[in-house]
Structures are given as structure tokens and as C-alpha cells.
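Asker: This one is final_14.cif, mmCIF, C-alpha atoms.
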```
data_upload
loop_
_atom_site.label_atom_id
_atom_site.label_comp_id
_atom_site.auth_asym_id
_atom_site.auth_seq_id
_atom_site.Cartn_x
_atom_site.Cartn_y
_atom_site.Cartn_z
CA MET A 144 65.28 17.16 31.90
CA SER A 145 64.60 14.51 29.31
CA ASP A 146 63.18 17.31 27.13
CA VAL A 147 66.48 19.05 27.26
CA ARG A 148 68.32 15.88 26.35
CA SER A 149 66.16 15.20 23.35
CA ILE A 150 66.54 18.61 21.84
CA ALA A 151 68.79 18.87 18.85
CA LEU A 152 70.14 22.35 18.34
CA THR A 153 71.92 23.90 15.47
CA ASP A 154 75.39 25.34 15.97
CA MET A 155 73.96 28.83 15.96
CA ASP A 156 71.50 27.92 18.67
CA ARG A 157 74.29 26.42 20.71
CA ALA A 158 76.35 29.57 20.42
CA GLY A 159 73.32 31.57 21.47
CA ALA A 160 72.68 29.27 24.39
CA PHE A 161 76.21 29.71 25.66
CA GLU A 162 76.04 33.49 25.35
CA ASP A 163 72.75 33.48 27.26
CA ALA A 164 74.21 31.16 29.88
CA GLU A 165 77.13 33.47 30.53
CA ARG A 166 74.62 36.21 31.28
CA THR A 167 72.10 34.09 33.19
CA PHE A 168 74.38 32.01 35.39
CA GLN A 169 76.13 33.26 38.45
CA MET A 170 79.58 32.02 37.37
CA THR A 171 81.64 31.63 34.23
CA GLU A 172 82.11 28.27 32.56
CA ASP A 173 85.74 28.02 33.69
CA ALA A 174 84.84 28.76 37.30
CA PHE A 175 82.04 26.23 37.06
CA ARG A 176 84.37 23.52 35.78
CA LEU A 177 86.67 24.00 38.77
CA PHE A 178 83.80 23.98 41.24
CA TYR A 179 82.22 20.97 39.57
CA GLU A 180 85.42 18.92 39.70
CA LEU A 181 85.57 19.54 43.45
CA THR A 182 81.95 18.88 44.27
CA ALA A 183 80.32 16.60 41.70
CA ARG A 184 81.41 13.28 43.20
CA PRO A 185 80.50 14.02 46.82
CA VAL A 186 77.15 15.43 45.75
CA TRP A 187 76.42 12.48 43.48
CA ILE A 188 77.27 9.99 46.23
CA TYR A 189 75.10 11.92 48.66
CA LEU A 190 72.18 11.88 46.22
CA ALA A 191 72.67 8.21 45.44
CA ARG A 192 72.83 7.24 49.09
CA MET A 193 69.79 9.32 49.98
CA THR A 194 67.63 8.06 47.10
CA GLY A 195 69.07 4.56 46.68
CA ASP A 196 68.86 5.05 42.92
CA ASP A 197 71.93 5.75 40.80
CA ARG A 198 70.04 6.89 37.73
CA LEU A 199 67.92 9.23 39.76
CA ALA A 200 71.13 10.57 41.32
CA ASP A 201 72.36 11.41 37.79
CA ASP A 202 69.20 13.40 37.08
CA LEU A 203 69.17 15.13 40.43
CA LEU A 204 72.84 16.04 40.04
CA GLN A 205 72.07 17.87 36.79
CA GLU A 206 69.09 19.58 38.41
CA ALA A 207 71.12 20.57 41.47
CA TYR A 208 73.80 22.25 39.36
CA TYR A 209 71.20 23.96 37.22
CA ARG A 210 69.51 25.45 40.27
CA PHE A 211 72.87 26.35 41.69
CA LEU A 212 73.89 28.17 38.50
CA ARG A 213 70.59 30.09 38.39
CA THR A 214 70.75 31.31 41.97
CA ARG A 215 71.30 34.97 42.71
CA THR A 216 72.83 34.27 46.11
CA VAL A 217 76.11 36.00 46.77
CA PHE A 218 78.61 33.51 48.18
CA GLU A 219 81.13 34.50 50.78
CA SER A 220 83.42 31.53 50.29
CA ASP A 221 83.86 28.21 48.54
CA ASP A 222 82.55 26.48 51.65
CA HIS A 223 79.43 28.59 51.51
CA ARG A 224 79.03 27.65 47.86
CA ARG A 225 79.48 23.94 48.66
CA HIS A 226 76.98 24.07 51.52
CA TYR A 227 74.48 25.80 49.28
CA LEU A 228 74.84 23.04 46.71
CA PHE A 229 74.26 20.40 49.37
CA ARG A 230 71.21 22.29 50.51
CA ILE A 231 69.82 22.22 46.97
CA ALA A 232 70.59 18.50 46.79
CA THR A 233 68.83 17.90 50.10
CA ASN A 234 65.76 19.81 48.92
CA LEU A 235 65.70 17.88 45.66
CA VAL A 236 65.76 14.57 47.51
CA HIS A 237 63.02 15.86 49.78
CA ASP A 238 60.90 17.03 46.83
CA HIS A 239 61.40 13.76 45.05
CA ARG A 240 60.26 11.84 48.11
CA ARG A 241 57.09 13.90 48.32
CA ALA A 242 56.33 13.65 44.61
CA PRO A 243 54.03 10.86 43.43
CA ARG A 244 55.94 7.66 42.75
CA ARG A 245 56.94 7.26 39.16
CA GLU A 246 58.59 4.27 37.62
CA MET A 247 61.86 4.01 39.43
CA THR A 248 64.74 1.71 38.86
CA VAL A 249 66.02 1.14 42.33
CA LEU A 250 69.29 -0.63 42.13
CA ASP A 251 69.28 -3.66 44.29
CA ASP A 252 71.49 -2.54 47.12
CA LEU A 253 74.98 -2.29 45.81
CA LYS A 254 74.20 -4.07 42.60
CA VAL A 255 77.07 -2.74 40.57
CA SER A 256 78.24 -3.36 37.07
CA ASP A 257 80.68 -6.17 36.42
CA ASP A 258 83.67 -3.91 36.21
CA ARG A 259 82.74 -2.40 39.54
CA SER A 260 82.37 -5.71 41.32
CA ALA A 261 85.65 -6.87 39.86
CA ARG A 262 87.32 -4.05 41.71
CA LEU A 263 85.83 -5.10 45.02
CA ASP A 264 88.73 -7.30 45.92
CA ASP A 265 87.96 -7.23 49.59
CA GLY A 266 84.90 -9.45 50.02
CA GLU A 267 84.40 -8.50 53.60
CA ARG A 268 84.31 -4.84 52.73
CA ALA A 269 81.74 -5.50 50.02
CA VAL A 270 79.51 -7.32 52.49
CA GLN A 271 79.95 -4.50 54.95
CA ARG A 272 78.88 -1.96 52.34
CA LEU A 273 75.91 -4.06 51.40
CA ASP A 274 74.83 -4.18 55.03
CA LEU A 275 75.35 -0.45 55.35
CA THR A 276 73.27 0.31 52.26
CA ARG A 277 70.45 -1.91 53.47
CA ALA A 278 70.60 -0.43 56.93
CA MET A 279 70.62 3.13 55.63
CA ARG A 280 67.56 2.38 53.55
CA GLN A 281 65.69 1.34 56.67
CA LEU A 282 66.35 4.65 58.38
CA LYS A 283 64.17 7.71 58.13
CA PRO A 284 65.26 10.06 55.32
CA ARG A 285 66.19 12.76 57.80
CA ASP A 286 68.35 10.36 59.81
CA ARG A 287 70.08 9.22 56.63
CA SER A 288 70.87 12.80 55.65
CA MET A 289 72.08 13.71 59.12
CA LEU A 290 74.38 10.72 59.40
CA TRP A 291 75.82 11.14 55.94
CA LEU A 292 76.44 14.84 56.29
CA ALA A 293 77.97 14.45 59.74
CA TYR A 294 80.10 11.36 59.32
CA ALA A 295 80.77 11.01 55.59
CA GLN A 296 81.02 14.70 54.71
CA GLY A 297 82.21 16.04 58.04
CA PHE A 298 79.74 18.91 58.24
CA SER A 299 79.43 20.62 61.61
CA HIS A 300 76.25 20.44 63.66
CA GLU A 301 75.50 24.04 62.79
CA GLU A 302 75.92 23.39 59.09
CA ILE A 303 73.72 20.30 59.19
CA ALA A 304 71.04 22.17 61.13
CA GLY A 305 71.11 24.89 58.46
CA LEU A 306 70.96 22.40 55.60
CA LEU A 307 68.13 20.32 56.99
CA GLY A 308 66.17 23.14 58.57
CA LEU A 309 66.59 21.84 62.12
CA ARG A 310 67.34 23.59 65.39
CA LYS A 311 71.00 23.42 66.26
CA SER A 312 70.17 22.70 69.87
CA SER A 313 68.23 19.56 68.98
CA LEU A 314 70.70 18.24 66.46
CA LYS A 315 72.98 16.56 68.97
CA ALA A 316 70.12 14.45 70.30
CA LEU A 317 68.74 13.68 66.85
CA LEU A 318 72.15 12.63 65.61
CA HIS A 319 72.70 10.44 68.61
CA ARG A 320 69.38 8.68 68.08
CA ALA A 321 70.03 8.27 64.36
CA ARG A 322 73.43 6.75 65.09
CA GLN A 323 71.93 4.31 67.53
CA ARG A 324 69.23 3.33 65.08
CA LEU A 325 71.82 2.68 62.39
CA ILE A 326 73.89 0.52 64.72
CA ALA A 327 70.81 -1.40 65.81
CA VAL A 328 69.79 -2.06 62.19
CA LEU A 329 73.34 -3.05 61.30
CA LYS A 330 73.40 -5.55 64.15
CA GLN A 331 70.08 -6.92 62.97
CA GLU A 332 71.41 -7.18 59.41
CA GLY A 333 74.51 -8.93 60.73
CA ARG A 334 72.41 -11.51 62.57
CA SER A 335 70.18 -12.15 59.57
CA MET B 264 69.92 14.61 78.81
CA THR B 265 71.55 13.61 75.52
CA PRO B 266 74.52 11.31 75.90
CA TRP B 267 77.29 13.29 74.30
CA CYS B 268 81.06 13.25 74.39
CA PRO B 269 83.35 16.23 73.82
CA TYR B 270 85.76 14.01 71.85
CA GLU B 271 83.16 13.09 69.21
CA ALA B 272 84.28 15.79 66.79
CA ASP B 273 87.96 14.81 67.17
CA VAL B 274 87.19 11.18 66.48
CA THR B 275 85.15 12.07 63.39
CA ALA B 276 87.83 14.46 62.12
CA ALA B 277 90.54 11.82 62.53
CA VAL B 278 88.62 9.27 60.45
CA LEU B 279 87.63 11.82 57.82
CA GLU B 280 91.22 12.91 57.43
CA ARG B 281 92.41 9.32 57.35
CA ARG B 282 94.50 9.67 60.49
CA ARG B 283 94.96 7.13 63.23
CA LEU B 284 93.52 8.12 66.58
CA SER B 285 96.99 7.68 68.06
CA ASP B 286 98.28 10.41 65.72
CA ASP B 287 96.48 12.93 67.92
CA GLY B 288 98.16 11.56 71.06
CA ASP B 289 97.45 8.72 73.42
CA GLU B 290 94.75 10.67 75.18
CA LEU B 291 92.24 10.42 72.34
CA MET B 292 92.96 6.76 71.69
CA THR B 293 92.71 5.83 75.37
CA HIS B 294 89.52 7.80 75.71
CA ALA B 295 87.92 6.32 72.60
CA ALA B 296 88.72 2.80 73.75
CA GLY B 297 86.74 3.31 76.93
CA CYS B 298 83.97 5.64 75.73
CA GLU B 299 80.89 3.98 74.34
CA ILE B 300 79.79 7.07 72.42
CA CYS B 301 83.19 7.52 70.78
CA ARG B 302 83.27 3.86 69.83
CA GLU B 303 79.88 4.29 68.19
CA VAL B 304 81.01 7.42 66.39
CA LEU B 305 84.19 5.70 65.27
CA MET B 306 82.31 2.72 63.91
CA VAL B 307 79.68 4.76 62.05
CA THR B 308 82.20 7.23 60.66
CA ARG B 309 84.53 4.49 59.44
CA LEU B 310 81.67 2.67 57.72
CA LEU B 311 80.36 5.78 56.00
CA VAL B 312 83.79 7.09 55.00
CA ASP B 313 84.78 3.70 53.59
CA ASP B 314 81.55 3.61 51.62
CA ARG B 315 82.10 7.14 50.36
CA GLU B 316 85.69 6.44 49.30
CA GLN B 317 84.74 3.22 47.56
CA ALA B 318 81.88 4.96 45.76
CA ARG B 319 84.20 7.79 44.71
CA ARG B 320 86.38 5.28 42.89
CA GLU B 321 83.44 3.55 41.23
CA ILE B 322 81.21 6.31 40.02
CA HIS B 323 81.32 8.17 36.75
CA VAL B 324 79.77 11.61 36.93
CA PRO B 325 79.01 13.48 33.69
CA ALA B 326 81.69 15.86 32.43
CA ALA B 327 81.48 19.44 33.64
CA GLY B 328 81.09 20.68 30.06
CA GLN B 329 78.13 18.42 29.52
CA VAL B 330 76.38 19.61 32.68
CA TRP B 331 77.10 23.21 31.73
CA TRP B 332 75.79 22.74 28.19
CA ARG B 333 72.55 21.12 29.36
CA ALA B 334 72.04 23.88 31.89
CA ALA B 335 72.70 26.52 29.23
CA VAL B 336 70.20 24.99 26.80
CA ARG B 337 67.58 24.71 29.52
CA ALA B 338 68.13 28.29 30.63
CA ARG B 339 67.66 29.42 27.06
CA LEU B 340 64.45 27.44 26.60
CA GLU B 341 63.06 28.81 29.83
CA ALA B 342 63.95 32.33 28.76
CA VAL B 343 62.14 31.83 25.44
CA HIS B 344 59.05 30.49 27.21
CA ALA B 345 59.12 33.31 29.73
CA ALA B 346 59.38 35.89 26.94
CA ALA B 347 56.49 34.32 24.99
CA ARG B 348 54.14 34.24 27.95
CA PRO B 349 53.28 38.00 28.07
CA LEU B 350 52.77 38.00 24.26
CA THR B 351 50.17 35.28 24.55
CA TRP B 352 48.37 37.24 27.22
CA LEU B 353 48.58 40.40 25.14
CA ASN B 354 47.06 38.64 22.14
CA GLY B 355 44.21 37.38 24.27
CA ILE B 356 43.53 40.82 25.69
CA ALA B 357 43.72 42.44 22.24
CA GLY B 358 41.28 39.88 20.85
CA ALA B 359 38.81 40.46 23.66
CA CYS B 360 39.07 44.25 23.17
CA ALA B 361 38.48 43.91 19.44
CA ILE B 362 35.38 41.78 19.96
CA GLY B 363 34.06 44.32 22.46
CA LEU B 364 34.74 47.12 19.99
CA VAL B 365 32.89 45.38 17.19
CA ILE B 366 29.85 44.77 19.40
CA ALA B 367 29.90 48.39 20.55
CA LEU B 368 30.13 49.67 16.97
CA ALA B 369 27.29 47.41 15.89
CA SER B 370 25.05 48.58 18.73
CA VAL B 371 25.84 52.21 17.84
CA ALA B 372 25.23 51.68 14.11
CA TRP B 373 21.99 49.74 14.49
CA PRO B 374 19.68 52.66 15.64
CA PHE B 375 20.91 54.79 12.72
CA ALA B 376 20.05 52.08 10.28
CA ARG B 377 16.67 51.56 11.90
CA ASP B 378 15.85 55.33 11.91
CA GLY B 379 16.85 55.64 8.30
CA ALA B 380 14.64 52.74 7.40
CA GLU B 381 11.68 54.19 9.32
CA TRP B 382 12.15 57.50 7.53
CA LEU B 383 12.10 55.75 4.22
CA VAL B 384 8.97 53.83 5.25
CA ALA B 385 7.24 57.11 6.15
CA ILE B 386 7.93 58.41 2.66
CA ALA B 387 6.66 55.17 1.20
CA PHE B 388 3.07 55.85 2.44
CA THR B 389 2.67 58.45 -0.32
CA ASP B 390 3.74 56.24 -3.18
CA SER B 391 3.24 52.49 -3.33
CA SER B 392 5.95 51.87 -5.91
CA PHE B 393 8.27 53.96 -3.83
CA SER B 394 7.31 51.94 -0.72
CA GLN B 395 8.55 48.83 -2.43
CA ALA B 396 11.83 50.52 -3.09
CA VAL B 397 12.06 51.55 0.58
CA ALA B 398 11.45 48.01 1.75
CA LEU B 399 14.24 46.91 -0.52
CA VAL B 400 16.58 49.58 0.85
CA MET B 401 15.67 48.69 4.44
CA GLY B 402 16.29 45.02 3.81
CA THR B 403 19.62 45.85 2.23
CA LEU B 404 20.58 48.01 5.18
CA GLN B 405 19.68 45.27 7.65
CA ARG B 406 21.64 42.74 5.68
CA GLY B 407 24.50 45.25 5.42
CA VAL B 408 24.78 45.52 9.20
CA VAL B 409 24.99 41.77 9.50
CA VAL B 410 27.58 41.63 6.72
CA MET B 411 29.59 44.41 8.37
CA LEU B 412 29.40 42.59 11.68
CA VAL B 413 30.60 39.37 10.13
CA ALA B 414 33.40 41.16 8.23
CA ALA B 415 34.60 42.91 11.38
CA THR B 416 34.54 39.67 13.35
CA CYS B 417 36.56 37.97 10.63
CA LEU B 418 39.07 40.80 10.66
CA VAL B 419 39.56 40.30 14.39
CA PHE B 420 39.54 36.55 14.50
CA ALA B 421 41.58 35.83 11.39
CA PRO B 422 44.90 37.08 12.89
CA LEU B 423 44.10 35.34 16.16
CA ALA B 424 43.35 32.08 14.39
CA LEU B 425 46.56 32.44 12.37
CA TYR B 426 48.57 33.11 15.52
CA LEU B 427 47.15 30.08 17.31
CA ALA B 428 47.67 27.87 14.28
CA LEU B 429 51.26 28.93 13.70
CA SER B 430 52.49 29.26 17.29
CA ASP B 431 54.73 26.46 18.67
CA ASP B 432 52.58 25.79 21.70
#
```
As C-alpha cells - that is how I would like this structure written.

Answerer:
Amino acid sequence: MSDVRSIALTDMDRAGAFEDAERTFQMTEDAFRLFYELTARPVWIYLARMTGDDRLADDLLQEAYYRFLRTRTVFESDDHRRHYLFRIATNLVHDHRRAPRREMTVLDDLKVSDDRSARLDDGERAVQRLDLTRAMRQLKPRDRSMLWLAYAQGFSHEEIAGLLGLRKSSLKALLHRARQRLIAVLKQEGRS
Amino acid sequence: MTPWCPYEADVTAAVLERRRLSDDGDELMTHAAGCEICREVLMVTRLLVDDREQARREIHVPAAGQVWWRAAVRARLEAVHAAARPLTWLNGIAGACAIGLVIALASVAWPFARDGAEWLVAIAFTDSSFSQAVALVMGTLQRGVVVMLVAATCLVFAPLALYLALSDD
């Protein structure tokens, strides 16, 4: 991705790239803009919460949309499209986890820029979020994904099972256990 | 047996849609107050939704146009690389074929040169001055084959070397 960023193209190349893109990608630029406005933030937050790294989330977001644009899948609905994007995001997080560790700038919990922290007027809420972030980091990656998709994104059990490659019948139990683990870690965090 | 409550989905939906549990009637609220699973679900959902909403306000995702442009450039680069790949293979195969051809031609030409030289040597037995001339001719022929071989090899390898030197990879 950094290669792409560092490339300087002439105007003619750019025009050519856009023409190629229109042919290569599965949607037009206008349709993409609409879809992106609807999905970029939830997907970014999902990636950031799953990796614990905001910069990595930026990179993975770009990669997720690239893969999405290149797919040949025929989508039946916007929901189908959105689920597909989340599936790509899930796979990217999974791939990243399996890849050898490179230099990673993990943001210290909710270490946010000054302008961000200034907006956190509710101190209690900030502490709560900090606890949540720490607790989530202690969970298994699959538990994190399940909880986020179920309770922050509102995906159904069937959808989550499809996204994470799990059996629908076992999801209820897995989700229950993940929820209990999160609560236990949160209580522990609260005590400490 | 997994502890599970049929109201779980309603509780989650209410929080996700930013409704109060009482908006769905007293039944859900009364149930949730007494159900351990629903209380758990309520707590976890509220925490995660709050976090999501707060993050939504804080984050700055790249503009759609920027993401599109990067994807377009990358697609183009990948297309160029994909198109160049068979050409590289083709060049390699052509080079190998040419080398094979040169070796085959040399092995075919060599017996002719040798026979011709032997014939000339046979004539040389009758005349010593002529035999010297034959030796000269034979030597020239032998050197000629080597020169031809070298010339043919150069003809094959020169374009290949040029291609490798001038290609981007």
C-alpha cells in the first residue's frame, strides 16, 4: 500500500487509471462514494477495535475497500454488500494476526489526540471506554469479533456465523461465553 | 445447555436503536430487570454501542475519492504487472529455443566441415605444397565454425541482454 502512496503519476496516467478502474471495479465511482459514506466509519471502528491500532485500521480500511471493489460477487442487496465488506475486514484482521509481527504502533488504549480528549467531557465515560478497550484486548480475537458484531453492529447470529466461519448452532453458546468473559475482565479491571 | 433468553435480541435491538426498554412496553423492562442474561446483554450492548458512537464522532476516515483513487492506481499497476508476466516468460522460452537451435545447427554443420577437411587432406597426399594449403583451409574452416557459433550466440543473447537491461523489473 505504501508503494501506491509513493507513486507520483502524471495527469495522463491518472486519467488512464480512472478509466481502467471503471472497467475493473464492480461499481461506479458515484455508487462507491455513497456506499463508502454509509460504511467507512463502522468498518474503520471495527478494524480499530479488533487490531487495537488506529494506523493499521487506516491501512486495512483501504485494503478492505480495494478487495471489495475487485470482487466479482453479485450482491443481492445493500445489506449483502455491507456484510461482504465486514467479511473482508474480518479476514484482513485474521490475516494480519497470522502474519509475522512487524513494527506496530499500538496506541496505548484510548490514547487520543488532544482535540479528541478535549471532547471527552464525561470523565466517567472515558474511564469506562478505557476499561472496555483494555478488557477487549484481553479477549480472544474471535470473542472480540463476535461481541462487536453482535452488540455494536447488531448483526444476527446467522450473519455472524457466516462472517466468522462458525456453525450457527454453536454461536449462541460461544457468544454467551464471550460475554461472560468480557464481564469478568471488566470486573477485574474495575477492581484494579 | 446454553443459558439463553428469548428477549436477548429485543434488548439488543432497543439499545442499538437508542430506545428505552420501556418504549417496547413494561413487559420487556420488567423481564430485563429480573433476568440475569438480559442484564448482561444490556450492559455489554450499552458499553459497546457507547464506545462505537463516541468513536464515530472522533475518527476521521479518508475521503471516498481518495480511497477510490488509490484503489484505481493499484488496480492499474497490478494490471500492468499481470500483462508483463507472460511476456517475460515468452522471452525466456524464446531465448532457450534460440540457444537450442544454435547448438543443433552447430552439431549439424560440424560433420560437413570435418568431411570437407578430410577430403582436402586426402588430396594433399599427392602434393606437399598443396597439403599445406589444405591444412590452412581446414584450420580456417574450424575457426569459422567457432566464429559462426559465437556470432549466432551473440545474435540470440544480445536482444535478451538488452531486454533485461532496459526492463523496469

Asker: I need the residue nearest chain A from this list: B:Ile356, B:Ala345, B:Leu425, B:Val307. Use all atoms listed in the file for the distance.

Answerer: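 Checking each candidate against chain A, we get B:Val307 as the closest.
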
Asker: When the cut-off is 6 Å and we count all atoms listed in the file, which residues of chain B are near chain A, given as a list in words?

Answerer: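 Only these qualify: Thr265, Thr308, Leu311, Val312, Ala327, Ala334, Ala335, Val336 and Arg339 of chain B.
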
Asker: Report as a PyMOL selection string the residues that result from applying the PyMOL selection byres ((chain B and resi 287-295) around 12) to the structure here.

Answerer: chain B and resi 268-278+280-286+296-306

Asker: Can you measure atom CA of Arg285 of chain A to atom CA of Leu307 of chain A for me? One decimal in Å is fine.

Answerer: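 Rounded to one decimal, the two atoms are 7.8 Å apart.
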
Asker: Using Å and a single decimal, report how far atom CA of Ser288 of chain A sits from atom CA of Asp274 of chain A.

Answerer: 17.4 Å

Asker: What is the distance, in Å and to one decimal place, between atom CA of Glu341 of chain B and atom CA of Arg166 of chain A?

Answerer: 13.8 Å

Asker: I need the output of the PyMOL selection byres ((chain A and resi 227) around 12) for this file as a count of residues only; which residues are they?

Answerer: 32

Asker: Considering all atoms listed in the file, can you say which of B:Met401, B:Leu279, B:Ile322, B:Val365 comes closest to Asp378 of chain B?

Answerer: B:Met401

Asker: For Gly308 of chain A, which of A:Gln169, A:Gly266, A:His239, A:Met289 is the closest residue, counting all atoms listed in the file?

Answerer: A:Met289

Asker: Between B:Gly355, B:Gly328, B:Pro374, B:Gly363, which is the closest to Pro422 of chain B once you count all atoms listed in the file?

Answerer: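 Smallest separation from Pro422 of chain B among the options: B:Gly355.
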
Asker: Let me know the residues the PyMOL selection byres ((chain B and resi 354) around 12) catches in the file above, as a list in words.

Answerer: Ala347, Arg348, Pro349, Leu350, Thr351, Trp352, Leu353, Gly355, Ile356, Ala357, Gly358, Ala359, Cys360, Ala361, Val419, Phe420, Pro422, Leu423, Ala424, Leu425, Tyr426, Leu427 and Ser430 of chain B

Asker: Those selected residues, please, written with C-alpha atoms and delivered as a PDB file, keeping the file's coordinate frame.

Answerer:
```pdb
ATOM      1  CA  ALA B 347      56.490  34.320  24.990  1.00  0.00           C
ATOM      2  CA  ARG B 348      54.140  34.240  27.950  1.00  0.00           C
ATOM      3  CA  PRO B 349      53.280  38.000  28.070  1.00  0.00           C
ATOM      4  CA  LEU B 350      52.770  38.000  24.260  1.00  0.00           C
ATOM      5  CA  THR B 351      50.170  35.280  24.550  1.00  0.00           C
ATOM      6  CA  TRP B 352      48.370  37.240  27.220  1.00  0.00           C
ATOM      7  CA  LEU B 353      48.580  40.400  25.140  1.00  0.00           C
ATOM      8  CA  GLY B 355      44.210  37.380  24.270  1.00  0.00           C
ATOM      9  CA  ILE B 356      43.530  40.820  25.690  1.00  0.00           C
ATOM     10  CA  ALA B 357      43.720  42.440  22.240  1.00  0.00           C
ATOM     11  CA  GLY B 358      41.280  39.880  20.850  1.00  0.00           C
ATOM     12  CA  ALA B 359      38.810  40.460  23.660  1.00  0.00           C
ATOM     13  CA  CYS B 360      39.070  44.250  23.170  1.00  0.00           C
ATOM     14  CA  ALA B 361      38.480  43.910  19.440  1.00  0.00           C
ATOM     15  CA  VAL B 419      39.560  40.300  14.390  1.00  0.00           C
ATOM     16  CA  PHE B 420      39.540  36.550  14.500  1.00  0.00           C
ATOM     17  CA  PRO B 422      44.900  37.080  12.890  1.00  0.00           C
ATOM     18  CA  LEU B 423      44.100  35.340  16.160  1.00  0.00           C
ATOM     19  CA  ALA B 424      43.350  32.080  14.390  1.00  0.00           C
ATOM     20  CA  LEU B 425      46.560  32.440  12.370  1.00  0.00           C
ATOM     21  CA  TYR B 426      48.570  33.110  15.520  1.00  0.00           C
ATOM     22  CA  LEU B 427      47.150  30.080  17.310  1.00  0.00           C
ATOM     23  CA  SER B 430      52.490  29.260  17.290  1.00  0.00           C
TER      24      SER B 430
END
```
